[in-house]
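Asks: Got work15.json for you, JSON, C-alpha atoms:
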```json
[["chain", "number", "residue", "atom", "x", "y", "z"],
["A", 1408, "MET", "CA", -27.63, 36.44, -67.53],
["A", 1409, "LYS", "CA", -29.24, 37.54, -70.78],
["A", 1410, "VAL", "CA", -27.73, 36.71, -74.17],
["A", 1411, "LEU", "CA", -28.55, 38.06, -77.63],
["A", 1412, "VAL", "CA", -28.16, 35.48, -80.42],
["A", 1413, "ALA", "CA", -28.12, 36.67, -84.03],
["A", 1414, "GLY", "CA", -28.77, 33.91, -86.54],
["A", 1415, "GLY", "CA", -30.69, 31.84, -84.03],
["A", 1416, "SER", "CA", -32.73, 30.03, -86.68],
["A", 1417, "GLY", "CA", -29.68, 28.46, -88.31],
["A", 1418, "ALA", "CA", -28.73, 24.86, -87.52],
["A", 1419, "THR", "CA", -25.96, 25.84, -85.09],
["A", 1420, "GLY", "CA", -27.87, 28.82, -83.73],
["A", 1421, "GLN", "CA", -30.81, 26.63, -82.73],
["A", 1422, "MET", "CA", -28.52, 24.29, -80.82],
["A", 1423, "LEU", "CA", -26.81, 27.19, -79.07],
["A", 1424, "VAL", "CA", -30.13, 28.70, -77.99],
["A", 1425, "LYS", "CA", -31.22, 25.34, -76.55],
["A", 1426, "GLN", "CA", -27.97, 24.92, -74.63],
["A", 1427, "LEU", "CA", -28.11, 28.44, -73.19],
["A", 1428, "LEU", "CA", -31.72, 27.96, -72.08],
["A", 1429, "ASP", "CA", -30.87, 24.58, -70.56],
["A", 1430, "ARG", "CA", -28.15, 26.34, -68.54],
["A", 1431, "GLY", "CA", -30.70, 28.74, -67.09],
["A", 1432, "LEU", "CA", -29.88, 31.81, -69.18],
["A", 1433, "SER", "CA", -32.35, 34.20, -70.78],
["A", 1434, "VAL", "CA", -32.05, 34.39, -74.56],
["A", 1435, "GLN", "CA", -33.16, 36.93, -77.16],
["A", 1436, "ALA", "CA", -32.96, 35.32, -80.60],
["A", 1437, "ILE", "CA", -33.06, 37.34, -83.81],
["A", 1438, "VAL", "CA", -34.59, 35.05, -86.43],
["A", 1439, "ARG", "CA", -36.15, 35.44, -89.87],
["A", 1440, "SER", "CA", -38.36, 32.35, -89.62],
["A", 1441, "PRO", "CA", -39.91, 32.28, -86.13],
["A", 1442, "ASP", "CA", -42.30, 29.39, -86.85],
["A", 1443, "LYS", "CA", -39.47, 27.16, -88.04],
["A", 1444, "PHE", "CA", -37.29, 28.29, -85.14],
["A", 1445, "LEU", "CA", -39.92, 27.61, -82.47],
["A", 1446, "LYS", "CA", -40.70, 24.23, -84.00],
["A", 1447, "ALA", "CA", -37.04, 23.28, -83.50],
["A", 1448, "VAL", "CA", -36.47, 24.94, -80.12],
["A", 1449, "GLY", "CA", -39.95, 24.83, -78.62],
["A", 1450, "GLU", "CA", -41.84, 27.42, -76.61],
["A", 1451, "ARG", "CA", -39.50, 28.07, -73.72],
["A", 1452, "LYS", "CA", -39.42, 30.29, -70.67],
["A", 1453, "ARG", "CA", -36.73, 32.99, -70.77],
["A", 1454, "LEU", "CA", -36.84, 33.01, -74.59],
["A", 1455, "LEU", "CA", -37.74, 36.12, -76.55],
["A", 1456, "VAL", "CA", -38.03, 35.71, -80.31],
["A", 1457, "ILE", "CA", -37.27, 38.79, -82.41],
["A", 1458, "ASN", "CA", -38.73, 38.31, -85.89],
["A", 1459, "ALA", "CA", -36.40, 40.35, -88.09],
["A", 1460, "SER", "CA", -33.52, 40.35, -90.53],
["A", 1461, "ILE", "CA", -30.68, 41.84, -88.51],
["A", 1462, "LEU", "CA", -29.53, 44.22, -91.24],
["A", 1463, "GLU", "CA", -33.04, 45.64, -91.52],
["A", 1464, "LEU", "CA", -33.21, 46.59, -87.84],
["A", 1465, "SER", "CA", -32.56, 50.25, -87.10],
["A", 1466, "ASP", "CA", -29.63, 51.36, -84.97],
["A", 1467, "THR", "CA", -32.08, 52.26, -82.21],
["A", 1468, "GLU", "CA", -33.69, 48.82, -82.32],
["A", 1469, "LEU", "CA", -30.32, 47.07, -82.15],
["A", 1470, "VAL", "CA", -29.33, 49.15, -79.14],
["A", 1471, "GLN", "CA", -32.60, 48.19, -77.44],
["A", 1472, "HIS", "CA", -31.99, 44.50, -78.09],
["A", 1473, "VAL", "CA", -28.39, 44.63, -76.86],
["A", 1474, "HIS", "CA", -29.29, 46.62, -73.74],
["A", 1475, "GLY", "CA", -29.25, 44.45, -70.62],
["A", 1476, "CYS", "CA", -27.33, 41.60, -72.27],
["A", 1477, "ARG", "CA", -24.05, 40.29, -70.93],
["A", 1478, "ALA", "CA", -23.12, 38.51, -74.16],
["A", 1479, "VAL", "CA", -23.84, 38.78, -77.88],
["A", 1480, "VAL", "CA", -23.35, 35.86, -80.25],
["A", 1481, "SER", "CA", -23.38, 35.84, -84.05],
["A", 1482, "CYS", "CA", -24.21, 32.48, -85.64],
["A", 1483, "LEU", "CA", -24.98, 34.20, -88.92],
["A", 1484, "GLY", "CA", -24.02, 32.60, -92.19],
["A", 1485, "HIS", "CA", -24.99, 32.49, -95.83],
["A", 1486, "THR", "CA", -27.41, 29.86, -97.09],
["A", 1487, "MET", "CA", -25.56, 27.39, -99.29],
["A", 1488, "SER", "CA", -27.66, 27.99, -102.37],
["A", 1489, "PHE", "CA", -26.96, 30.05, -105.49],
["A", 1490, "ARG", "CA", -29.02, 32.93, -104.14],
["A", 1491, "GLY", "CA", -27.52, 32.61, -100.66],
["A", 1492, "VAL", "CA", -23.96, 32.62, -101.96],
["A", 1493, "TYR", "CA", -24.22, 35.20, -104.74],
["A", 1494, "GLY", "CA", -27.28, 37.22, -103.82],
["A", 1495, "LYS", "CA", -27.63, 40.08, -101.37],
["A", 1496, "PRO", "CA", -26.62, 40.82, -98.69],
["A", 1497, "ARG", "CA", -23.03, 40.06, -99.67],
["A", 1498, "ARG", "CA", -21.65, 41.33, -96.33],
["A", 1499, "LEU", "CA", -24.21, 39.81, -93.97],
["A", 1500, "VAL", "CA", -21.73, 38.56, -91.35],
["A", 1501, "SER", "CA", -19.31, 41.49, -91.42],
["A", 1502, "GLU", "CA", -21.99, 44.21, -91.50],
["A", 1503, "ALA", "CA", -23.92, 42.54, -88.68],
["A", 1504, "THR", "CA", -20.71, 42.23, -86.63],
["A", 1505, "LEU", "CA", -19.94, 45.92, -87.12],
["A", 1506, "ARG", "CA", -23.48, 47.05, -86.28],
["A", 1507, "LEU", "CA", -23.74, 44.83, -83.20],
["A", 1508, "CYS", "CA", -20.41, 46.13, -81.91],
["A", 1509, "GLU", "CA", -21.51, 49.72, -82.53],
["A", 1510, "ALA", "CA", -24.71, 49.02, -80.57],
["A", 1511, "ILE", "CA", -22.66, 47.64, -77.67],
["A", 1512, "ARG", "CA", -20.43, 50.71, -77.68],
["A", 1513, "THR", "CA", -23.50, 52.97, -77.75],
["A", 1514, "ILE", "CA", -24.87, 51.57, -74.48],
["A", 1515, "LYS", "CA", -21.44, 52.03, -72.80],
["A", 1516, "PRO", "CA", -21.63, 48.99, -70.51],
["A", 1517, "THR", "CA", -20.02, 49.25, -67.08],
["A", 1518, "GLN", "CA", -17.99, 46.14, -67.92],
["A", 1519, "PRO", "CA", -17.13, 44.72, -71.35],
["A", 1520, "LEU", "CA", -19.74, 42.53, -73.04],
["A", 1521, "LYS", "CA", -18.70, 39.19, -74.48],
["A", 1522, "PHE", "CA", -18.96, 38.98, -78.26],
["A", 1523, "VAL", "CA", -18.70, 35.50, -79.81],
["A", 1524, "LEU", "CA", -18.44, 35.21, -83.58],
["A", 1525, "MET", "CA", -18.91, 31.87, -85.35],
["A", 1526, "ASN", "CA", -16.51, 31.92, -88.27],
["A", 1527, "SER", "CA", -14.62, 29.26, -90.26],
["A", 1528, "ALA", "CA", -11.36, 27.33, -90.07],
["A", 1529, "GLY", "CA", -10.79, 28.46, -93.66],
["A", 1530, "CYS", "CA", -10.30, 32.04, -92.42],
["A", 1531, "ARG", "CA", -6.73, 32.35, -91.21],
["A", 1532, "ASN", "CA", -5.68, 34.50, -88.28],
["A", 1533, "ASP", "CA", -2.89, 36.48, -89.90],
["A", 1534, "ASP", "CA", -1.98, 38.01, -86.54],
["A", 1535, "LEU", "CA", -0.40, 34.64, -85.70],
["A", 1536, "ALA", "CA", 1.35, 34.08, -89.03],
["A", 1537, "GLU", "CA", -0.40, 30.73, -89.31],
["A", 1538, "SER", "CA", 1.35, 28.35, -91.64],
["A", 1539, "VAL", "CA", -0.26, 28.15, -95.07],
["A", 1540, "SER", "CA", 1.17, 26.38, -98.11],
["A", 1541, "VAL", "CA", 1.53, 28.20, -101.42],
["A", 1542, "ALA", "CA", -1.09, 25.92, -102.99],
["A", 1543, "GLU", "CA", -3.54, 26.64, -100.18],
["A", 1544, "LYS", "CA", -2.95, 30.39, -100.47],
["A", 1545, "CYS", "CA", -3.78, 30.18, -104.16],
["A", 1546, "VAL", "CA", -6.95, 28.18, -103.59],
["A", 1547, "VAL", "CA", -8.11, 30.41, -100.72],
["A", 1548, "GLY", "CA", -7.43, 33.49, -102.85],
["A", 1549, "LEU", "CA", -9.53, 32.02, -105.65],
["A", 1550, "ILE", "CA", -12.32, 31.13, -103.21],
["A", 1551, "GLY", "CA", -12.27, 34.70, -101.93],
["A", 1552, "LEU", "CA", -12.83, 35.97, -105.46],
["A", 1553, "LEU", "CA", -15.46, 33.43, -106.48],
["A", 1554, "VAL", "CA", -17.30, 32.72, -103.21],
["A", 1555, "PRO", "CA", -18.42, 35.96, -101.49],
["A", 1556, "PRO", "CA", -19.30, 34.35, -98.11],
["A", 1557, "HIS", "CA", -15.64, 33.46, -97.50],
["A", 1558, "LEU", "CA", -14.57, 37.06, -97.96],
["A", 1559, "ASP", "CA", -17.46, 38.16, -95.74],
["A", 1560, "ASN", "CA", -16.23, 35.90, -92.93],
["A", 1561, "GLU", "CA", -12.70, 37.20, -93.33],
["A", 1562, "HIS", "CA", -13.87, 40.82, -93.08],
["A", 1563, "ALA", "CA", -15.84, 40.06, -89.90],
["A", 1564, "SER", "CA", -12.81, 38.40, -88.32],
["A", 1565, "LYS", "CA", -10.47, 41.22, -89.27],
["A", 1566, "TYR", "CA", -12.88, 43.82, -87.92],
["A", 1567, "LEU", "CA", -12.82, 42.26, -84.46],
["A", 1568, "ARG", "CA", -9.09, 41.69, -84.46],
["A", 1569, "ARG", "CA", -8.05, 45.07, -85.88],
["A", 1570, "GLN", "CA", -10.84, 47.56, -85.19],
["A", 1571, "ILE", "CA", -12.03, 46.32, -81.81],
["A", 1572, "GLY", "CA", -8.67, 44.87, -80.77],
["A", 1573, "GLN", "CA", -7.64, 43.72, -77.32],
["A", 1574, "GLN", "CA", -8.19, 46.83, -75.21],
["A", 1575, "ASP", "CA", -11.71, 47.98, -76.08],
["A", 1576, "GLU", "CA", -13.59, 49.30, -73.04],
["A", 1577, "SER", "CA", -16.95, 47.90, -74.15],
["A", 1578, "ILE", "CA", -16.24, 44.63, -75.98],
["A", 1579, "GLU", "CA", -14.29, 41.44, -75.38],
["A", 1580, "TRP", "CA", -14.42, 38.90, -78.18],
["A", 1581, "THR", "CA", -13.65, 35.37, -79.29],
["A", 1582, "ILE", "CA", -13.85, 34.09, -82.88],
["A", 1583, "VAL", "CA", -14.80, 30.40, -83.03],
["A", 1584, "ARG", "CA", -13.51, 28.59, -86.12],
["A", 1585, "PRO", "CA", -15.05, 25.16, -86.77],
["A", 1586, "ASP", "CA", -13.81, 23.00, -89.64],
["A", 1587, "THR", "CA", -16.27, 21.25, -91.98],
["A", 1588, "LEU", "CA", -19.62, 21.30, -90.18],
["A", 1589, "VAL", "CA", -21.56, 18.05, -89.79],
["A", 1590, "ASP", "CA", -24.80, 17.14, -88.03],
["A", 1591, "ASN", "CA", -24.76, 14.97, -84.90],
["A", 1592, "ASP", "CA", -27.46, 14.73, -82.27],
["A", 1593, "ASP", "CA", -25.32, 14.73, -79.13],
["A", 1594, "VAL", "CA", -22.26, 16.51, -77.82],
["A", 1595, "SER", "CA", -19.17, 14.33, -78.28],
["A", 1596, "GLY", "CA", -15.48, 14.70, -77.63],
["A", 1597, "TYR", "CA", -13.87, 17.69, -79.28],
["A", 1598, "GLU", "CA", -10.57, 19.53, -79.21],
["A", 1599, "VAL", "CA", -9.88, 23.25, -79.34],
["A", 1600, "HIS", "CA", -6.63, 24.59, -80.80],
["A", 1601, "ARG", "CA", -5.13, 28.06, -81.09],
["A", 1602, "SER", "CA", -4.57, 27.59, -84.83],
["A", 1603, "PRO", "CA", -5.59, 25.00, -87.44],
["A", 1604, "ILE", "CA", -3.82, 21.67, -87.19],
["A", 1605, "ARG", "CA", -5.14, 20.52, -90.57],
["A", 1606, "SER", "CA", -5.52, 22.14, -93.96],
["A", 1607, "ALA", "CA", -9.11, 23.34, -94.33],
["A", 1608, "ILE", "CA", -8.67, 22.94, -98.10],
["A", 1609, "PHE", "CA", -6.61, 19.77, -98.64],
["A", 1610, "ASN", "CA", -7.02, 17.86, -95.37],
["A", 1611, "ALA", "CA", -10.18, 19.15, -93.74],
["A", 1612, "GLY", "CA", -11.44, 17.75, -90.47],
["A", 1613, "GLN", "CA", -14.99, 17.72, -89.16],
["A", 1614, "THR", "CA", -16.81, 19.58, -86.42],
["A", 1615, "SER", "CA", -20.35, 18.76, -85.38],
["A", 1616, "ARG", "CA", -22.64, 21.72, -84.98],
["A", 1617, "VAL", "CA", -23.73, 20.57, -81.54],
["A", 1618, "ASN", "CA", -20.07, 20.62, -80.41],
["A", 1619, "VAL", "CA", -19.68, 24.17, -81.74],
["A", 1620, "ALA", "CA", -22.80, 25.20, -79.84],
["A", 1621, "HIS", "CA", -21.49, 23.52, -76.68],
["A", 1622, "PHE", "CA", -18.14, 25.32, -76.91],
["A", 1623, "MET", "CA", -19.80, 28.69, -77.48],
["A", 1624, "ALA", "CA", -22.12, 28.07, -74.51],
["A", 1625, "GLU", "CA", -19.04, 27.24, -72.42],
["A", 1626, "LEU", "CA", -17.41, 30.50, -73.49],
["A", 1627, "ILE", "CA", -20.46, 32.45, -72.40],
["A", 1628, "THR", "CA", -21.15, 30.72, -69.09],
["A", 1629, "GLU", "CA", -17.72, 29.59, -67.84],
["A", 1630, "ASP", "CA", -15.27, 32.36, -66.95],
["A", 1631, "THR", "CA", -12.27, 30.00, -66.98],
["A", 1632, "VAL", "CA", -13.06, 28.98, -70.57],
["A", 1633, "TRP", "CA", -13.64, 32.58, -71.61],
["A", 1634, "ASN", "CA", -10.41, 33.78, -70.03],
["A", 1635, "SER", "CA", -8.52, 31.04, -71.89],
["A", 1636, "TRP", "CA", -9.76, 32.20, -75.30],
["A", 1637, "ILE", "CA", -10.53, 35.89, -74.98],
["A", 1638, "GLY", "CA", -9.17, 37.88, -77.93],
["A", 1639, "GLN", "CA", -8.28, 34.68, -79.81],
["A", 1640, "SER", "CA", -9.59, 32.66, -82.76],
["A", 1641, "PRO", "CA", -9.78, 29.06, -81.50],
["A", 1642, "VAL", "CA", -10.26, 26.23, -84.01],
["A", 1643, "ILE", "CA", -12.53, 23.38, -82.97],
["A", 1644, "TYR", "CA", -12.45, 19.79, -84.25],
["A", 1645, "ASN", "CA", -14.29, 16.61, -83.33],
["A", 1646, "SER", "CA", -11.83, 14.41, -81.46],
["A", 1647, "ASP", "CA", -12.15, 11.65, -84.05],
["A", 1648, "SER", "CA", -11.08, 14.20, -86.70],
["A", 1649, "VAL", "CA", -7.75, 14.94, -85.03],
["A", 1650, "GLU", "CA", -4.79, 12.97, -86.27]]
```
Can you turn what I pasted into structure tokens?

Replies:
Amino acid sequence: MKVLVAGGSGATGQMLVKQLLDRGLSVQAIVRSPDKFLKAVGERKRLLVINASILELSDTELVQHVHGCRAVVSCLGHTMSFRGVYGKPRRLVSEATLRLCEAIRTIKPTQPLKFVLMNSAGCRNDDLAESVSVAEKCVVGLIGLLVPPHLDNEHASKYLRRQIGQQDESIEWTIVRPDTLVDNDDVSGYEVHRSPIRSAIFNAGQTSRVNVAHFMAELITEDTVWNSWIGQSPVIYNSDSVE
């Protein structure tokens, strides 16, 4: 199986690429800093590094990169710096999601491709009427106005849920929502829930990046896991973060 990973040079993306390679998959990783990426991941068989910013690739190039893949994963995110938060591109995640999905539809696969989007527990799935307090709604609304990456993540999630939907002939999707990301070296116990069980604003839990990578690798390689979460927005927490 071949997998395309966008945002492979990010902290979570690197871990996902390693886990996919360790499971025997072939990986094409779109990265902006190949030297840094290869230093972290190493020169590996079955790894093709695509040195590019995904939004600068042409439609034809994206179609070429998607062709032959059975899964596409977006680990894209905004750098947590002033320039990363407030500079361009403001719609990195949502525009990349749209363009990757359009590329998948262009190749008209004989069976739907898996699309996995790394998102955030702070982005609610309003299709499920998830419980949100008035105070949290106010804070999230303010964050949406003042912190562009949050709104970008919301747009990407809504695009998959509303524009792609549940019956698309070319794309099946899952939106993975970790809570506060932390760095751990090894995979540990974690729990996956249909909706948040904690407030991402007032009672946030923790999710290690390596656990997020492990769960996304499970989605891609294990049909039973995929079938459990297809068309959903699971929230993942470290087990020691669950009360």

Asks: Name the closest residue to A:Gly1449 among the candidates A:Val1599, A:Ile1437, A:Met1422, A:Leu1469; distances are taken between atoms, counting only C-alpha atoms.

Replies: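 Going through A:Val1599, A:Ile1437, A:Met1422, A:Leu1469 one by one, the smallest distance to A:Gly1449 is for A:Met1422.
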
Asks: Restricting the calculation to all atoms listed in the file, which member of A:Cys1476, A:Leu1499, A:Val1470, A:Ala1459 is positioned closest to A:Gln1518?

Replies: A:Cys1476

Asks: List every protein, DNA or RNA residue that has an atom no more than 6 Å from (-17.9, 36.3, -78.8) in the file's coordinate frame, counting all atoms listed in the file, and report them as a PyMOL selection string.

Replies: chain A and resi 1480+1521-1524+1580-1581

Asks: Just the residues within 10 Å of A:Ala1510, please, counting only C-alpha atoms, with nothing from its chain fewer than 5 positions along; format it as a PDB file with C-alpha atoms, in the frame of the given file.

Replies:
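Dumped everything to result01.pdb:
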```
ATOM      1  CA  ASP A1466     -29.630  51.360 -84.970  1.00  0.00           C
ATOM      2  CA  THR A1467     -32.080  52.260 -82.210  1.00  0.00           C
ATOM      3  CA  GLU A1468     -33.690  48.820 -82.320  1.00  0.00           C
ATOM      4  CA  LEU A1469     -30.320  47.070 -82.150  1.00  0.00           C
ATOM      5  CA  VAL A1470     -29.330  49.150 -79.140  1.00  0.00           C
ATOM      6  CA  GLN A1471     -32.600  48.190 -77.440  1.00  0.00           C
ATOM      7  CA  HIS A1472     -31.990  44.500 -78.090  1.00  0.00           C
ATOM      8  CA  VAL A1473     -28.390  44.630 -76.860  1.00  0.00           C
ATOM      9  CA  HIS A1474     -29.290  46.620 -73.740  1.00  0.00           C
ATOM     10  CA  THR A1504     -20.710  42.230 -86.630  1.00  0.00           C
ATOM     11  CA  LEU A1505     -19.940  45.920 -87.120  1.00  0.00           C
ATOM     12  CA  LYS A1515     -21.440  52.030 -72.800  1.00  0.00           C
TER      13      LYS A1515
END
```

Asks: Show me as a list of chain:residue names the residues that reach within 12 Å of (-38.8, 38.6, -73.6), counting all atoms listed in the file and using the file's own coordinates.

Replies: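 Neighbouring residues, ordered by chain and number, come to A:Lys1409, A:Val1410, A:Leu1411, A:Ser1433, A:Val1434, A:Gln1435, A:Ala1436, A:Ile1437, A:Glu1450, A:Arg1451, A:Lys1452, A:Arg1453, A:Leu1454, A:Leu1455, A:Val1456, A:Ile1457, A:His1472, A:Gly1475, A:Cys1476.
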